[in-house]
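One file, my_file_14.cif, is given below (mmCIF, C-alpha atoms).
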data_query
#
loop_
_atom_site.label_atom_id
_atom_site.label_comp_id
_atom_site.auth_asym_id
_atom_site.auth_seq_id
_atom_site.Cartn_x
_atom_site.Cartn_y
_atom_site.Cartn_z
CA MET R 6 59.95 71.68 23.54
CA ALA R 7 56.24 71.78 22.59
CA ALA R 8 55.98 68.06 23.30
CA LEU R 9 57.51 68.56 26.73
CA ILE R 10 55.01 71.31 27.55
CA ARG R 11 52.05 69.19 26.41
CA TYR R 12 53.33 66.29 28.50
CA SER R 13 53.81 68.51 31.52
CA LYS R 14 50.36 70.06 31.25
CA SER R 15 48.72 66.67 31.08
CA SER R 16 50.69 65.31 34.02
CA ALA R 17 50.11 68.35 36.21
CA VAL R 18 46.37 68.37 35.66
CA SER R 19 45.85 64.63 36.07
CA SER R 20 47.89 64.53 39.27
CA LEU R 21 45.72 67.15 40.98
CA SER R 22 42.24 66.03 39.92
CA SER R 23 40.23 65.14 36.83
CA PHE R 24 40.26 68.67 35.47
CA SER R 25 39.38 67.60 31.92
CA LEU R 26 36.15 66.08 33.24
CA VAL R 27 35.47 69.15 35.37
CA ARG R 28 36.01 71.39 32.33
CA ARG R 29 33.61 69.38 30.17
CA CYS R 30 30.93 69.37 32.84
CA PHE R 31 31.42 72.99 33.75
CA SER R 32 31.55 74.18 30.14
CA SER R 33 28.11 72.61 29.65
CA ALA R 34 26.86 74.38 32.76
CA VAL R 35 28.26 77.69 31.56
CA ALA R 36 26.66 77.24 28.13
CA SER R 37 23.35 76.66 29.86
CA GLU R 38 23.82 79.71 32.06
CA LEU R 39 24.68 81.91 29.08
CA SER R 40 21.35 81.05 27.44
CA SER R 41 19.45 81.72 30.67
CA PRO R 42 17.89 85.13 31.40
CA THR R 43 19.18 84.89 34.98
CA THR R 44 22.84 84.98 33.89
CA THR R 45 24.79 87.81 35.49
CA PRO R 46 25.20 90.42 32.73
CA LEU R 47 28.76 91.08 31.62
CA PRO R 48 30.17 94.57 32.07
CA SER R 49 30.45 96.38 28.76
CA GLY R 50 34.26 96.26 28.92
CA LEU R 51 34.62 92.47 28.78
CA ASN R 52 34.33 90.55 25.55
CA ARG R 53 32.00 87.55 25.87
CA HIS R 54 33.35 86.19 22.60
CA LEU R 55 36.93 85.39 23.59
CA PRO R 56 37.45 81.99 21.92
CA ARG R 57 37.26 78.82 24.02
CA LYS R 58 39.92 76.45 22.73
CA ASP R 59 40.16 72.74 23.40
CA PRO R 60 42.68 72.26 26.26
CA LYS R 61 44.65 69.91 23.98
CA ASP R 62 45.20 72.77 21.55
CA ARG R 63 46.43 75.39 24.00
CA ASN R 64 48.66 75.92 26.99
CA VAL R 65 47.42 76.00 30.58
CA GLN R 66 45.06 78.73 31.76
CA TRP R 67 45.68 79.14 35.48
CA VAL R 68 44.87 81.66 38.19
CA PHE R 69 47.09 82.54 41.16
CA LEU R 70 45.35 83.77 44.31
CA GLY R 71 46.87 85.00 47.57
CA CYS R 72 47.13 87.97 49.91
CA PRO R 73 49.00 91.09 48.78
CA GLY R 74 52.72 90.47 49.22
CA VAL R 75 52.48 86.66 49.38
CA GLY R 76 54.57 86.22 46.24
CA LYS R 77 51.97 85.58 43.53
CA GLY R 78 53.97 87.57 41.02
CA THR R 79 57.24 85.83 41.83
CA TYR R 80 55.95 82.28 41.51
CA ALA R 81 53.55 82.99 38.64
CA SER R 82 56.36 84.66 36.68
CA ARG R 83 58.70 81.70 37.26
CA LEU R 84 56.05 79.24 36.10
CA CYS R 85 55.27 81.34 33.04
CA ASN R 86 58.95 81.37 32.08
CA LEU R 87 59.07 77.61 32.59
CA LEU R 88 55.96 76.89 30.50
CA GLY R 89 56.43 79.63 27.91
CA ILE R 90 53.14 81.41 28.61
CA PRO R 91 52.28 85.05 29.43
CA HIS R 92 52.09 86.28 33.01
CA ILE R 93 49.13 88.66 33.30
CA ALA R 94 49.19 90.57 36.58
CA THR R 95 46.29 92.91 37.20
CA GLY R 96 48.54 94.89 39.53
CA ASP R 97 50.87 95.54 36.58
CA LEU R 98 47.92 96.53 34.41
CA VAL R 99 46.86 99.03 37.06
CA ARG R 100 50.40 100.43 37.43
CA GLU R 101 50.70 100.82 33.66
CA GLU R 102 47.47 102.77 33.64
CA LEU R 103 48.73 104.91 36.53
CA THR R 104 51.63 106.10 34.36
CA SER R 105 49.19 107.54 31.83
CA SER R 106 47.57 110.96 32.07
CA SER R 107 44.00 109.74 31.70
CA PRO R 108 41.14 110.59 34.12
CA LEU R 109 41.18 106.90 35.10
CA SER R 110 44.81 107.28 36.20
CA ARG R 111 43.91 110.01 38.71
CA GLN R 112 41.02 107.93 40.03
CA LEU R 113 43.25 104.87 40.40
CA SER R 114 45.90 106.90 42.23
CA ASP R 115 43.44 107.88 44.97
CA ILE R 116 42.19 104.29 45.33
CA VAL R 117 45.66 102.71 45.53
CA ASN R 118 47.11 105.24 47.96
CA GLN R 119 44.22 104.59 50.36
CA GLY R 120 44.82 100.83 50.24
CA LYS R 121 41.40 100.12 48.72
CA LEU R 122 40.68 97.44 46.13
CA VAL R 123 40.18 98.68 42.60
CA SER R 124 36.57 98.26 41.44
CA ASP R 125 35.47 95.26 39.38
CA GLU R 126 34.54 97.45 36.43
CA ILE R 127 38.00 99.06 36.18
CA ILE R 128 39.89 95.77 36.56
CA ILE R 129 37.65 93.97 34.07
CA ASN R 130 38.11 96.70 31.47
CA LEU R 131 41.91 96.59 31.85
CA LEU R 132 41.97 92.77 31.72
CA SER R 133 39.72 92.67 28.67
CA LYS R 134 42.13 94.88 26.74
CA ARG R 135 45.06 92.62 27.71
CA LEU R 136 43.33 89.34 26.79
CA GLU R 137 42.20 90.70 23.44
CA ALA R 138 45.70 92.02 22.69
CA GLY R 139 47.18 88.60 23.54
CA GLU R 140 44.67 86.80 21.33
CA ALA R 141 45.53 89.12 18.45
CA LYS R 142 49.24 88.26 18.90
CA GLY R 143 48.52 84.53 18.92
CA GLU R 144 49.35 83.96 22.60
CA SER R 145 48.41 80.56 24.02
CA GLY R 146 47.67 80.04 27.70
CA PHE R 147 48.34 82.36 30.64
CA ILE R 148 48.58 82.69 34.38
CA LEU R 149 46.34 85.40 35.82
CA ASP R 150 47.88 87.03 38.88
CA GLY R 151 45.61 89.05 41.17
CA PHE R 152 42.35 88.29 39.37
CA PRO R 153 39.66 87.41 40.25
CA ARG R 154 39.49 89.09 43.65
CA THR R 155 35.73 89.09 44.14
CA ILE R 156 32.99 86.55 43.58
CA ASN R 157 31.51 88.82 40.90
CA GLN R 158 34.83 88.83 39.03
CA ALA R 159 35.09 85.04 39.33
CA GLU R 160 31.60 84.53 37.89
CA ILE R 161 32.26 86.90 35.00
CA LEU R 162 35.61 85.27 34.22
CA GLU R 163 34.06 81.80 34.09
CA GLU R 164 31.49 83.03 31.59
CA VAL R 165 34.05 84.11 29.03
CA ILE R 166 37.08 81.83 29.36
CA ASP R 167 37.99 78.40 30.78
CA ILE R 168 40.17 78.29 33.89
CA ASP R 169 41.93 74.95 34.44
CA LEU R 170 43.43 75.41 37.89
CA VAL R 171 43.46 78.00 40.70
CA VAL R 172 46.54 78.02 42.95
CA ASN R 173 45.95 79.74 46.29
CA LEU R 174 49.26 80.74 47.92
CA LYS R 175 49.09 81.08 51.71
CA LEU R 176 51.46 82.65 54.23
CA ARG R 177 51.04 83.59 57.88
CA GLU R 178 49.97 87.23 58.31
CA ASP R 179 52.84 88.47 60.49
CA VAL R 180 55.30 87.33 57.83
CA LEU R 181 53.18 88.90 55.11
CA LEU R 182 53.26 92.25 56.88
CA GLU R 183 57.02 92.16 57.28
CA LYS R 184 57.46 91.19 53.62
CA CYS R 185 55.25 94.03 52.39
CA LEU R 186 57.07 96.63 54.48
CA GLY R 187 60.40 95.42 53.07
CA ARG R 188 59.42 95.79 49.42
CA ARG R 189 61.42 98.18 47.26
CA ILE R 190 61.46 99.05 43.56
CA CYS R 191 64.44 100.31 41.59
CA GLY R 192 63.42 103.68 40.22
CA GLN R 193 65.64 103.17 37.19
CA CYS R 194 65.24 99.56 36.01
CA GLY R 195 61.83 98.90 37.60
CA LYS R 196 62.85 95.58 39.20
CA ASN R 197 61.40 94.51 42.56
CA PHE R 198 63.51 93.73 45.63
CA ASN R 199 62.87 93.05 49.31
CA LEU R 200 65.04 94.21 52.20
CA ALA R 201 63.21 92.19 54.87
CA SER R 202 65.25 89.47 56.58
CA ILE R 203 62.63 87.23 58.15
CA ASN R 204 63.39 84.72 60.89
CA VAL R 205 60.23 83.79 62.78
CA ARG R 206 60.14 81.18 65.52
CA GLY R 207 57.43 78.54 65.48
CA GLU R 208 54.57 79.15 67.93
CA ASN R 209 50.83 78.46 68.39
CA GLY R 210 50.96 75.60 65.92
CA HIS R 211 52.73 77.65 63.24
CA PRO R 212 56.10 76.31 62.08
CA GLY R 213 59.17 78.51 62.18
CA MET R 214 60.08 80.30 58.98
CA SER R 215 63.12 81.99 57.51
CA MET R 216 63.29 84.15 54.40
CA ALA R 217 66.46 85.78 53.18
CA PRO R 218 66.21 89.31 51.75
CA LEU R 219 66.13 89.77 48.00
CA LEU R 220 68.83 92.42 47.76
CA PRO R 221 69.44 94.59 44.70
CA PRO R 222 72.76 94.82 42.86
CA THR R 223 75.04 97.64 43.90
CA HIS R 224 74.06 99.92 41.02
CA CYS R 225 70.37 99.75 42.06
CA MET R 226 70.88 100.30 45.79
CA SER R 227 70.86 104.10 45.70
CA LYS R 228 67.81 104.17 43.42
CA LEU R 229 65.42 102.14 45.57
CA ILE R 230 62.00 103.58 46.25
CA THR R 231 59.12 102.45 48.47
CA ARG R 232 55.66 102.09 47.01
CA ALA R 233 53.29 104.75 48.34
CA ASP R 234 50.88 102.05 49.54
CA ASP R 235 53.53 100.06 51.46
CA THR R 236 52.92 101.61 54.89
CA GLU R 237 51.89 99.52 57.89
CA ALA R 238 48.39 101.04 58.13
CA VAL R 239 47.71 100.62 54.41
CA VAL R 240 49.11 97.08 54.28
CA LYS R 241 46.98 95.97 57.24
CA GLU R 242 43.90 97.46 55.63
CA ARG R 243 44.68 95.71 52.33
CA LEU R 244 45.03 92.38 54.12
CA ARG R 245 41.77 92.90 56.01
CA VAL R 246 39.84 93.77 52.85
CA TYR R 247 41.45 90.94 50.89
CA ASN R 248 40.59 88.30 53.50
CA GLU R 249 37.01 89.52 53.61
CA LYS R 250 36.60 89.39 49.84
CA SER R 251 38.65 86.28 49.08
CA GLN R 252 36.74 83.64 51.05
CA PRO R 253 33.77 83.50 48.63
CA VAL R 254 36.20 83.36 45.68
CA GLU R 255 38.11 80.47 47.20
CA GLU R 256 34.86 78.60 47.88
CA PHE R 257 33.69 79.31 44.31
CA TYR R 258 36.68 77.45 42.86
CA ARG R 259 36.81 74.84 45.63
CA SER R 260 33.22 73.81 44.86
CA ARG R 261 34.23 73.32 41.22
CA GLY R 262 37.22 71.13 42.08
CA LYS R 263 39.70 73.68 40.72
CA LEU R 264 41.31 75.06 43.88
CA LEU R 265 44.80 74.00 44.99
CA GLU R 266 45.86 75.49 48.35
CA PHE R 267 49.62 75.79 48.84
CA ASP R 268 51.17 76.87 52.15
CA LEU R 269 54.52 78.51 51.46
CA PRO R 270 57.09 76.82 53.72
CA GLY R 271 59.63 79.64 53.45
CA GLY R 272 61.39 81.69 50.81
CA ILE R 273 61.98 80.83 47.17
CA PRO R 274 64.66 78.16 47.80
CA GLU R 275 62.29 76.19 50.04
CA SER R 276 58.99 76.93 48.29
CA TRP R 277 59.79 76.72 44.58
CA PRO R 278 60.77 73.01 44.47
CA LYS R 279 57.73 72.04 46.55
CA LEU R 280 55.38 74.07 44.35
CA LEU R 281 56.77 72.33 41.25
CA GLN R 282 56.29 69.00 43.00
CA VAL R 283 52.59 69.54 43.81
CA LEU R 284 52.04 70.72 40.23
CA ASN R 285 53.89 67.63 38.98
CA LEU R 286 56.37 69.88 37.16
CA ASP R 287 59.53 69.02 39.08
CA ASP R 288 60.78 66.61 36.41
CA PHE R 289 59.71 69.03 33.68
CA GLU R 290 62.22 71.65 34.82
CA GLU R 291 64.96 69.02 34.77
CA LYS R 292 64.04 68.00 31.21
CA LEU R 293 64.14 71.61 30.04
CA SER R 294 67.57 72.07 31.60
CA ALA R 295 68.82 68.90 29.93
CA ALA R 296 67.46 70.02 26.55
CA ALA R 297 69.01 73.50 26.76
#

Turn this file's structure into structure tokens for me.
Amino acid sequence: MAALIRYSKSSAVSSLSSFSLVRRCFSSAVASELSSPTTTPLPSGLNRHLPRKDPKDRNVQWVFLGCPGVGKGTYASRLCNLLGIPHIATGDLVREELTSSSPLSRQLSDIVNQGKLVSDEIIINLLSKRLEAGEAKGESGFILDGFPRTINQAEILEEVIDIDLVVNLKLREDVLLEKCLGRRICGQCGKNFNLASINVRGENGHPGMSMAPLLPPTHCMSKLITRADDTEAVVKERLRVYNEKSQPVEEFYRSRGKLLEFDLPGGIPESWPKLLQVLNLDDFEEKLSAAA
């Protein structure tokens, strides 16, 4: 199994671009920046001393970008299960904190319910705790979901840990809105579902798109709840703020040769095989199935 994962990582990276060369060059640049007095200071919550391991000695360290509701969590989680690495979603970190009774929880509740983005300082502190906990448990590799969201976050992240690849998932906005408004969570088991049945005709250069609903089992149906921030006004505001903040982040990784843009062609049945193909992991899934 380990050999398969090492083979897959190597194939995926080499098929997209010369990421090993980019890493070597960029690591040197980062080392230079860290010794320079002009380096952006790290917030107190983030550990500058997270170890940088040789890519040959660890699993992939990827980032998934994309608008709220695009499916970052779904596809990142599937890839993490495939590669045997942790899925670290900043949205989950925030929701976990919201369940606590800390002063930060009350502050976060106001921010989320208004559809605003959580501040860099709060997100960085939560992420730092998670990365340090994973390192202590001996975790190798990860996919970050929902971070970085701002150019400041991206710069800080690059100072403390190597990112191999950034996958930017894209989906037309009218479909995104419909998806977000269809989201439901089972109040008992905590699983996510989506009641939206999307069938959009192609127009203005956009291809048609169909997405079947992700319906819950019968025993979850009566326990479905809607997230407080999944109202049309809040969703539109989240999308507006995200688009405004994300462009510099995308350009940050594009200029470093690390950005892979992926337009979702439809729901999971259509998109998952094509995502595996562009990551050069389509044969890897088959090998895992054969070895099971």

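Among R:Val123, R:Asp167, R:Thr79, R:Val205, the residue with the shortest atom-to-atom distance to R:Leu219, counting only C-alpha atoms, is R:Thr79.
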
Quiz prompt | Counting all atoms listed in the file, the residue of R:Ser215, R:Ile190, R:Asn130, R:Phe152 that sits nearest R:Asp235 | solution = R:Ile190

Self-check item: Nearest residue to R:Gly213 from the set R:Gly192, R:Leu269, R:Val239, R:Leu122 (distances using only C-alpha atoms)
Solution: R:Leu269

Quiz prompt | Of the listed residues R:Ile128, R:Leu88, R:Lys250, R:Gly74, that which approaches R:Glu290 most closely, counting only C-alpha atoms | solution = R:Leu88

Quiz prompt | Residues in the PyMOL selection byres ((chain R and resi 144-151) around 9), expressed as a PyMOL selection string | solution = chain R and resi 62-73+77-78+81-82+84-85+89-96+138-143+152-154

Self-check item: Which of R:Ala159, R:Leu87, R:Leu132, R:Val75 sits closest to R:Val99 [using only C-alpha atoms]
Solution: R:Leu132

Self-check item: Selected residue, from R:Leu98, R:Val165, R:Ile116, R:Val172, that lies nearest to R:Val254 when counting only C-alpha atoms
Solution: R:Val172

Practice problem: Record the distance separating atom CA of R:Glu275 and atom CA of R:His224, expressed in Å with one decimal. | Solution: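 Answer for the atom CA of R:Glu275 to atom CA of R:His224 separation: 28.0 Å.
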
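Note that the spacing between atom CA of R:Glu160 and atom CA of R:Ile127 amounts to 16.0 Å.
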
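Atom CA of R:Gln282 sits 22.3 Å away from atom CA of R:His211.
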
Any idea what's packed within 9 Å of R:Gly187, counting all atoms listed in the file, ignoring anything in its chain fewer than 6 positions away? Could you give it as a PDB file with C-alpha atoms, in the coordinates of the input?
ATOM      1  CA  PHE R 198      63.510  93.730  45.630  1.00  0.00           C
ATOM      2  CA  ASN R 199      62.870  93.050  49.310  1.00  0.00           C
ATOM      3  CA  LEU R 200      65.040  94.210  52.200  1.00  0.00           C
ATOM      4  CA  ALA R 201      63.210  92.190  54.870  1.00  0.00           C
ATOM      5  CA  SER R 202      65.250  89.470  56.580  1.00  0.00           C
ATOM      6  CA  PRO R 218      66.210  89.310  51.750  1.00  0.00           C
ATOM      7  CA  THR R 231      59.120 102.450  48.470  1.00  0.00           C
ATOM      8  CA  ASP R 235      53.530 100.060  51.460  1.00  0.00           C
TER       9      ASP R 235
END

List as a compact mmCIF listing (two decimals) with C-alpha atoms, in the coordinates of the input the protein and nucleic acid residues near R:Cys225, meaning an atom at most 12 Å away when all atoms listed in the file are counted, but skip any in the same chain fewer than 4 places from it.
# COMPACT_ATOMS: atom_id res chain seq x y z
CA ARG R 189 61.42 98.18 47.26
CA ILE R 190 61.46 99.05 43.56
CA CYS R 191 64.44 100.31 41.59
CA GLY R 192 63.42 103.68 40.22
CA GLN R 193 65.64 103.17 37.19
CA CYS R 194 65.24 99.56 36.01
CA GLY R 195 61.83 98.90 37.60
CA LYS R 196 62.85 95.58 39.20
CA ASN R 197 61.40 94.51 42.56
CA PHE R 198 63.51 93.73 45.63
CA LEU R 220 68.83 92.42 47.76
CA PRO R 221 69.44 94.59 44.70
CA LEU R 229 65.42 102.14 45.57
CA ILE R 230 62.00 103.58 46.25

Self-check item: Long-range neighbours of R:Pro253 as an MDAnalysis selection string, 12 Å cut-off, all atoms listed in the file, 4 positions minimum in chain
Solution: chainID R and resid 153:160 247:249 257:260
